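**Student:** See entry21.txt below, with compact mmCIF, C-alpha atoms.
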```txt
# COMPACT_ATOMS: atom_id res chain seq x y z
CA MET A 12 145.72 84.16 69.13
CA LEU A 13 141.97 83.99 68.74
CA THR A 14 141.73 81.30 71.43
CA ALA A 15 143.60 83.56 73.87
CA PHE A 16 141.26 86.39 73.00
CA GLU A 17 138.24 84.14 73.46
CA ASP A 18 139.55 83.21 76.90
CA THR A 19 140.01 86.87 77.77
CA ALA A 20 136.56 87.75 76.48
CA GLN A 21 135.01 84.98 78.57
CA ARG A 22 136.98 86.02 81.63
CA TYR A 23 135.91 89.65 81.51
CA GLN A 24 132.46 89.46 79.89
CA ARG A 25 130.57 89.41 83.16
CA ARG A 26 132.46 92.38 84.58
CA VAL A 27 131.91 94.45 81.43
CA TYR A 28 128.31 93.39 80.87
CA SER A 29 127.07 93.72 84.45
CA PHE A 30 128.75 97.13 84.79
CA ALA A 31 127.06 98.29 81.59
CA ARG A 32 123.75 96.78 82.65
CA TYR A 33 123.63 98.68 85.92
CA LEU A 34 124.86 101.89 84.36
CA LEU A 35 122.31 101.79 81.56
CA SER A 36 119.42 99.87 83.20
CA SER A 37 118.87 98.20 79.86
CA ARG A 38 119.73 94.66 78.83
CA GLU A 39 119.69 95.50 75.13
CA GLU A 40 121.99 98.47 75.41
CA ALA A 41 124.31 96.61 77.77
CA GLU A 42 124.68 93.92 75.09
CA ASP A 43 125.51 96.57 72.49
CA VAL A 44 128.12 98.15 74.74
CA THR A 45 129.66 94.81 75.66
CA GLN A 46 130.02 93.90 72.00
CA GLU A 47 131.54 97.28 71.23
CA VAL A 48 133.99 97.10 74.14
CA LEU A 49 135.16 93.58 73.35
CA LEU A 50 135.57 94.47 69.68
CA ARG A 51 137.65 97.41 70.72
CA LEU A 52 139.73 95.09 72.87
CA TRP A 53 140.29 92.83 69.88
CA ARG A 54 141.42 95.76 67.72
CA HIS A 55 143.74 97.15 70.41
CA ARG A 56 144.86 93.86 71.92
CA GLN A 57 148.53 94.45 71.13
CA GLY A 58 148.57 97.82 72.85
CA VAL A 59 146.80 97.00 76.12
CA ASP A 60 148.93 96.15 79.14
CA GLU A 61 147.81 92.75 80.43
CA GLU A 62 148.14 93.88 84.05
CA ARG A 63 145.87 96.85 83.49
CA LEU A 64 143.40 95.06 81.28
CA GLY A 65 140.61 94.98 83.88
CA SER A 66 140.85 98.72 84.54
CA TRP A 67 141.09 99.46 80.81
CA LEU A 68 137.94 97.48 80.11
CA LEU A 69 135.99 99.23 82.85
CA ARG A 70 137.09 102.66 81.65
CA VAL A 71 136.15 101.89 78.06
CA THR A 72 132.82 100.43 79.20
CA ARG A 73 131.97 103.47 81.25
CA ASN A 74 132.84 105.83 78.39
CA ALA A 75 130.79 103.78 75.95
CA CYS A 76 127.83 103.79 78.34
CA TYR A 77 127.96 107.53 78.79
CA ASP A 78 128.24 108.12 75.06
CA LEU A 79 125.07 106.07 74.72
CA LEU A 80 123.34 107.93 77.53
CA ARG A 81 124.20 111.28 75.96
CA LYS A 82 122.73 110.08 72.69
CA ARG A 83 119.67 108.73 74.50
CA ARG A 84 119.18 112.04 76.30
CA SER A 85 119.32 114.00 73.10
CA GLU A 86 116.70 111.71 71.56
CA THR A 87 114.37 111.57 74.55
CA ALA A 88 114.83 114.93 76.23
CA GLY A 89 112.41 115.59 79.05
CA LEU A 90 111.43 111.98 79.60
CA GLY A 91 113.58 111.54 82.69
CA THR A 92 115.46 108.40 83.60
CA ARG A 93 114.51 105.47 81.49
CA ILE A 94 114.48 102.16 83.27
CA ASP A 95 113.52 98.95 81.68
CA ASP A 96 110.55 97.64 83.70
CA GLU A 97 111.28 94.06 82.78
CA GLU A 98 114.88 94.65 83.79
CA ARG A 99 113.95 95.92 87.20
CA GLU A 100 111.41 93.19 87.86
CA GLU A 101 113.84 90.49 86.83
CA ILE A 102 116.45 91.60 89.32
CA ALA A 103 114.11 92.70 92.10
CA SER A 104 111.65 89.82 92.16
CA ALA A 105 113.88 86.91 93.00
CA GLU A 106 111.24 85.09 94.96
CA PRO A 107 107.57 86.00 95.08
CA GLY A 108 105.89 84.92 98.26
CA PRO A 109 104.80 86.08 101.66
CA GLN A 110 104.55 89.63 102.92
CA ALA A 111 108.17 89.94 104.08
CA GLN A 112 109.50 88.77 100.76
CA ALA A 113 107.14 91.14 98.94
CA GLU A 114 108.49 94.01 101.02
CA ALA A 115 112.06 92.91 100.33
CA SER A 116 111.32 92.71 96.64
CA ASP A 117 109.76 96.20 96.74
CA PHE A 118 112.77 97.60 98.58
CA ARG A 119 115.11 96.12 96.02
CA ARG A 120 113.02 97.54 93.19
CA ARG A 121 113.18 101.01 94.74
CA LEU A 122 116.89 100.60 95.32
CA LEU A 123 117.42 99.79 91.65
CA GLU A 124 115.40 102.85 90.65
CA ALA A 125 117.45 105.00 92.98
CA LEU A 126 120.66 103.51 91.62
CA ALA A 127 119.50 104.14 88.05
CA ASP A 128 118.90 107.79 88.92
CA LEU A 129 122.16 108.23 90.81
CA GLY A 130 124.47 110.64 89.05
CA GLU A 131 128.15 110.39 88.34
CA PRO A 132 130.75 110.05 89.67
CA TYR A 133 128.91 108.20 92.44
CA LYS A 134 127.05 105.66 90.32
CA SER A 135 130.11 104.02 88.78
CA VAL A 136 131.88 103.82 92.13
CA VAL A 137 128.87 102.31 93.91
CA ILE A 138 128.40 99.69 91.19
CA LEU A 139 132.06 98.73 91.00
CA ARG A 140 132.54 98.61 94.75
CA GLU A 141 129.27 97.28 96.12
CA VAL A 142 127.91 95.19 93.25
CA GLN A 143 131.15 93.96 91.70
CA GLY A 144 133.22 93.96 94.89
CA LEU A 145 136.30 95.54 93.35
CA PRO A 146 138.94 96.98 95.66
CA HIS A 147 139.17 100.76 95.98
CA ARG A 148 142.60 100.80 94.32
CA GLU A 149 141.34 99.06 91.20
CA ILE A 150 138.31 101.33 90.99
CA GLY A 151 140.61 104.33 91.24
CA GLU A 152 142.76 103.00 88.39
CA ALA A 153 139.72 102.32 86.23
CA LEU A 154 138.19 105.74 86.79
CA GLY A 155 141.43 107.71 86.95
CA ILE A 156 140.89 109.02 90.47
CA PRO A 157 142.81 108.62 93.75
CA GLU A 158 141.78 105.87 96.13
CA ALA A 159 140.78 108.41 98.78
CA THR A 160 138.41 110.02 96.27
CA VAL A 161 136.90 106.61 95.54
CA ARG A 162 135.98 106.26 99.22
CA VAL A 163 134.47 109.75 99.34
CA HIS A 164 132.39 109.13 96.20
CA LEU A 165 131.29 105.76 97.55
CA HIS A 166 130.05 107.21 100.83
CA ARG A 167 128.33 110.14 99.16
CA GLY A 168 126.72 107.83 96.61
CA ARG A 169 125.33 105.53 99.29
CA ARG A 170 124.16 108.51 101.27
CA LYS A 171 122.22 109.78 98.27
CA LEU A 172 120.63 106.35 97.94
CA ARG A 173 119.71 106.41 101.62
CA GLU A 174 118.15 109.85 101.33
CA ARG A 175 116.11 108.67 98.38
CA LEU A 176 114.99 105.46 100.08
CA ARG A 177 114.26 107.07 103.43
CA GLU A 178 110.62 107.60 102.54
CA GLY A 179 108.51 104.50 102.76
CA VAL A 180 110.88 102.47 104.89
CA HIS A 181 109.17 101.08 108.00
CA HIS A 182 111.29 101.21 111.11
CA ASP A 183 110.66 98.70 113.86
CA ASP A 184 109.42 100.40 117.04
CA MET B 15 135.90 110.44 130.04
CA THR B 16 133.58 112.91 128.39
CA ILE B 17 132.42 111.97 124.91
CA GLU B 18 131.77 114.84 122.56
CA THR B 19 128.09 115.22 121.63
CA ILE B 20 127.09 115.62 118.02
CA THR B 21 123.93 116.77 116.27
CA CYS B 22 121.70 114.64 114.07
CA ASP B 23 123.01 116.34 110.92
CA GLU B 24 126.58 115.58 111.96
CA ALA B 25 125.63 111.99 112.78
CA LEU B 26 123.97 111.43 109.41
CA ASP B 27 127.13 112.67 107.67
CA LEU B 28 129.15 109.96 109.38
CA LEU B 29 126.91 106.93 108.84
CA GLU B 30 128.35 105.56 105.60
CA PRO B 31 132.02 105.54 106.66
CA PHE B 32 130.86 104.16 110.03
CA VAL B 33 129.10 101.27 108.31
CA ASP B 34 132.31 100.58 106.40
CA GLY B 35 134.38 100.64 109.58
CA GLU B 36 136.41 103.54 108.27
CA LEU B 37 135.53 106.13 110.87
CA PRO B 38 138.39 107.16 113.18
CA PHE B 39 137.88 106.44 116.88
CA ALA B 40 137.53 110.13 117.69
CA GLN B 41 134.47 110.34 115.48
CA ALA B 42 133.08 106.85 115.97
CA GLU B 43 132.60 107.14 119.73
CA PRO B 44 130.51 110.34 119.67
CA LEU B 45 128.45 108.78 116.87
CA ARG B 46 127.82 105.60 118.85
CA SER B 47 126.79 107.65 121.84
CA HIS B 48 124.40 109.70 119.71
CA LEU B 49 122.87 106.61 118.09
CA GLN B 50 122.13 105.11 121.47
CA GLY B 51 119.96 108.08 122.34
CA CYS B 52 118.41 108.99 118.97
CA ARG B 53 115.86 106.61 117.48
CA ALA B 54 115.63 108.50 114.15
CA CYS B 55 119.37 108.32 113.55
CA ALA B 56 119.44 104.69 114.67
CA GLY B 57 116.79 104.03 112.01
CA GLU B 58 118.97 105.78 109.42
CA LEU B 59 121.90 103.57 110.43
CA ALA B 60 119.73 100.49 109.90
CA LEU B 61 118.77 101.80 106.47
CA ALA B 62 122.40 102.53 105.56
CA GLU B 63 123.38 99.00 106.56
CA ARG B 64 120.49 97.52 104.59
CA ILE B 65 121.41 99.47 101.47
CA ARG B 66 124.97 98.21 101.57
CA ARG B 67 123.78 94.65 102.18
CA GLU B 68 121.26 94.78 99.31
CA LEU B 69 123.73 96.31 96.88
CA ARG B 70 126.20 93.54 97.64
CA ALA B 71 123.48 90.96 97.04
CA LEU B 72 122.60 92.29 93.58
CA PRO B 73 123.32 89.76 90.85
CA GLN B 74 126.07 90.15 88.29
CA PRO B 75 124.50 88.75 85.15
CA ASP B 76 126.49 87.04 82.44
CA CYS B 77 126.55 88.43 78.95
CA PRO B 78 124.43 86.38 76.53
CA PRO B 79 126.73 83.96 74.70
CA GLU B 80 125.60 85.14 71.26
CA VAL B 81 127.17 88.55 71.94
CA ILE B 82 130.55 86.95 72.63
CA GLU B 83 130.11 84.73 69.61
CA ARG B 84 129.59 87.75 67.38
CA VAL B 85 132.77 89.30 68.70
CA VAL B 86 134.75 86.10 68.14
CA ARG B 87 133.38 85.78 64.63
CA SER B 88 134.53 89.30 63.97
CA GLY B 89 137.98 88.28 65.15
CA ARG B 90 137.90 85.50 62.55
CA GLY B 91 137.17 88.05 59.85
CA GLU B 92 133.51 87.17 59.54
CA VAL B 93 130.89 89.88 59.31
CA VAL B 94 129.66 91.12 62.65
CA PRO B 95 125.96 91.81 62.50
CA PHE B 96 124.41 94.81 64.09
CA PRO B 97 122.26 93.72 67.00
CA ALA B 98 118.62 93.18 66.11
CA ARG B 99 116.51 96.00 67.41
CA ARG B 100 112.89 97.01 66.94
CA ARG B 101 112.46 94.50 64.14
CA SER B 102 108.92 95.41 63.22
CA GLY B 103 109.74 99.11 62.85
CA TRP B 104 112.80 98.24 60.80
CA ARG B 105 110.79 96.14 58.40
CA VAL B 106 108.14 98.76 57.98
CA ARG B 107 110.78 101.35 57.18
CA ILE B 108 112.43 99.03 54.66
CA ALA B 109 109.09 98.59 52.94
CA ALA B 110 108.40 102.32 53.04
CA ALA B 111 111.87 103.12 51.75
CA ALA B 112 111.29 100.66 48.94
CA ALA B 113 108.20 102.56 47.94
CA VAL B 114 110.04 105.88 48.02
CA LEU B 115 112.94 104.51 46.02
CA ALA B 116 110.59 103.01 43.50
CA LEU B 117 108.87 106.34 43.16
CA ALA B 118 112.24 108.01 42.74
CA VAL B 119 113.14 105.59 39.99
CA GLY B 120 109.71 105.96 38.47
CA GLY B 121 109.89 109.70 38.86
CA GLY B 122 113.28 109.79 37.19
CA SER B 123 112.09 107.87 34.20
CA LEU B 124 108.92 109.93 34.06
CA PHE B 125 110.96 113.11 34.06
CA PHE B 126 112.82 111.75 31.08
CA ASN B 127 109.55 110.89 29.36
CA LEU B 128 108.07 114.25 30.20
CA GLN B 129 110.77 115.87 28.12
CA GLN B 130 109.18 114.17 25.13
CA ARG B 131 105.58 113.99 26.36
CA PRO B 132 104.93 116.72 28.87
CA ASP B 133 101.15 116.14 29.04
CA ARG B 134 100.85 113.57 31.89
CA PRO B 135 102.90 110.68 33.47
CA ASP B 136 102.24 107.12 32.40
CA PRO B 137 100.74 105.29 35.40
CA THR B 138 101.82 101.89 34.13
CA GLN B 139 105.42 103.03 33.97
CA VAL B 140 105.22 104.36 37.51
CA ALA B 141 103.64 101.10 38.72
CA GLN B 142 106.33 99.03 36.99
CA ALA B 143 109.12 101.17 38.43
CA THR B 144 107.56 100.81 41.86
CA ARG B 145 107.41 97.03 41.57
CA ASP B 146 111.01 96.82 40.35
CA ALA B 147 112.34 98.91 43.22
CA ARG B 148 110.31 96.99 45.80
CA LEU B 149 111.72 93.71 44.51
CA ALA B 150 115.24 95.10 44.63
CA LEU B 151 114.94 96.24 48.21
CA ALA B 152 113.17 93.07 49.33
CA TYR B 153 116.07 91.11 47.91
CA LEU B 154 118.52 93.39 49.72
CA ASP B 155 116.59 92.82 52.94
CA LYS B 156 116.70 89.05 52.48
CA VAL B 157 120.41 88.99 51.69
CA THR B 158 121.41 91.18 54.61
CA ARG B 159 119.30 89.23 57.05
CA LYS B 160 120.79 85.97 55.86
CA ALA B 161 124.28 87.39 56.28
CA GLY B 162 123.33 88.53 59.75
CA LEU B 163 123.72 92.15 58.80
CA GLY B 164 121.34 94.96 59.41
CA VAL B 165 121.07 98.43 57.99
CA ARG B 166 120.61 101.03 60.67
CA ASP B 167 117.48 103.12 60.41
CA GLU B 168 119.38 106.37 60.37
CA VAL B 169 121.70 105.17 57.58
CA LEU B 170 118.74 104.03 55.53
CA GLU B 171 116.97 107.31 55.98
CA LYS B 172 120.02 109.46 55.25
CA ARG B 173 121.36 107.48 52.29
CA LEU B 174 118.20 106.30 50.66
CA VAL B 175 114.92 107.71 51.86
CA ILE B 176 115.79 111.40 51.94
CA PRO B 177 117.64 111.52 48.59
CA ALA B 178 114.89 109.45 46.97
CA ALA B 179 112.16 111.67 48.36
CA ARG B 180 113.94 114.77 47.06
CA SER B 181 114.35 113.17 43.66
CA VAL B 182 110.67 112.30 43.45
CA SER B 183 109.63 115.76 44.57
CA ARG B 184 111.76 117.34 41.86
CA SER B 185 110.62 114.94 39.16
CA LEU B 186 106.94 115.22 39.93
CA GLY B 187 106.94 118.83 41.03
CA GLU B 188 103.92 119.84 38.91
CA PHE B 189 101.72 117.02 40.22
CA GLN B 190 100.68 116.00 43.70
CA ALA B 191 103.99 115.00 45.35
CA PRO B 192 103.77 111.32 46.28
CA ALA B 193 107.24 111.46 47.87
CA ASP B 194 106.00 113.94 50.46
CA GLU B 195 103.04 111.71 51.25
CA THR B 196 105.30 108.73 51.53
CA ARG B 197 107.59 110.62 53.87
CA LYS B 198 104.59 111.47 56.02
CA GLU B 199 103.79 107.75 56.19
CA LEU B 200 107.34 107.07 57.28
CA ARG B 201 106.80 109.36 60.22
```
Please express the file's structure as structure tokens.

**Tutor:**
Amino acid sequence: MLTAFEDTAQRYQRRVYSFARYLLSSREEAEDVTQEVLLRLWRHRQGVDEERLGSWLLRVTRNACYDLLRKRRSETAGLGTRIDDEEREEIASAEPGPQAQAEASDFRRRLLEALADLGEPYKSVVILREVQGLPHREIGEALGIPEATVRVHLHRGRRKLRERLREGVHHDD
Amino acid sequence: MTIETITCDEALDLLEPFVDGELPFAQAEPLRSHLQGCRACAGELALAERIRRELRALPQPDCPPEVIERVVRSGRGEVVPFPARRRSGWRVRIAAAAAVLALAVGGGSLFFNLQQRPDRPDPTQVAQATRDARLALAYLDKVTRKAGLGVRDEVLEKRLVIPAARSVSRSLGEFQAPADETRKELR
């Protein structure tokens, strides 16, 4: 039974971890949440429907992340969104180099900041749809909302990102 | 055929579903017509497309293998360690808690002695009690680290530091309260 669980953990670890990482903007906290979620899966493995396992994991991950964020807010009230600088640089700076790549890296950095600051319910939907590539139906199952609502949240979330990134973007004339 | 004209605000509302190809024809055509004549909105469309492209290019990192390993070990019935965090602060607090505990132990024994000799505490007894408690906690630290366990800061403070500090304060109430000073150091 443990081998089957190990297989399941390996299969879903990236989905859980990367979701937590983008929600929390912290590698350390994403690791904590991933461990907690997979432990919970182990404890409840008999009761989770195999066909809904992906959605269940995402829902539990999101709840765990928001529990952590609530705790973080109560400990660091007034400090605004915390984003791990190393985190952001690691993802944004794929290739240092000439001017165009520096601009691309800067855009990505600002996009990550905007995503970190994006509120719910938009943030989860944007991450699951655009970063993880999940279908709308599966996102709806994971978050407990209709598919049509997923699309609305997705568009509003991306619009908020666009409004935030509007400043400082150079348009070709 | 006359295409309905729309304002910039209306156009901006439609960009994201347009980028996703989900805009009905009746809305898409007026938007296209508007974009052809409005440079600002055309720039916003370019930005909307770029955002979607960049989001889809973001990496999906793998979880470090040691996290999975800890979970699997837990499944085997082994102890699952708390993740290491802020190690230097944790060690300092262990050391500080050791001092407070030692003082609590020392204070307790002094209180007992004071019943018989209420003139002044014996410094050598306090020093010995301090050493004993420090050794005990250092051993605890070593054992837990070896087992891969950690004691959370808040548990340590609630279960050990605060009760010990209170005990010291009560025991040494007539003298300068070392427990209070130690608690200040902890902060």

**Student:** Please find the residues of chain B near chain A - the criterion being any atom within 6 Å, counting all atoms listed in the file - and write them as a PyMOL selection string.

**Tutor:** chain B and resi 30+69-70+74-77+85

**Student:** I'd like the interatomic distance between atom CA of Gly58 of chain A and atom CA of Glu83 of chain B, to a tenth of an Å.

**Tutor:**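 If I compute the distance from atom CA of Gly58 of chain A to atom CA of Glu83 of chain B, I get 22.9 Å.
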
**Student:** When you draw a straight line from atom CA of Ala15 of chain A to atom CA of Gly151 of chain A, how long is it in Å?

**Tutor:**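 Answer for the atom CA of Ala15 of chain A to atom CA of Gly151 of chain A separation: 27.2 Å.
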
**Student:** Quick check, in Å to one decimal: how far apart do atom CA of Pro132 of chain A and atom CA of Glu178 of chain A lie?

**Tutor:**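 If I compute the distance from atom CA of Pro132 of chain A to atom CA of Glu178 of chain A, I get 24.0 Å.
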
**Student:** A:Val59, A:Cys76, A:Leu129, A:Leu68: which is nearest Ser37 of chain A, counting all atoms listed in the file?

**Tutor:**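 Going through A:Val59, A:Cys76, A:Leu129, A:Leu68 one by one, the smallest distance to Ser37 of chain A is for A:Cys76.
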
**Student:** Within 7 Å of segment 42-46 of chain B, counting all atoms listed in the file, which residues show up once you throw out same-chain ones fewer than 3 positions away? Write them as a list in words, please.

**Tutor:**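 Once the adjacent positions are removed, what remains is Ile17, Glu18, Thr19, Ile20, Ala25, Phe32, Leu37, Pro38, Phe39, Leu49 and Gln50 of chain B.
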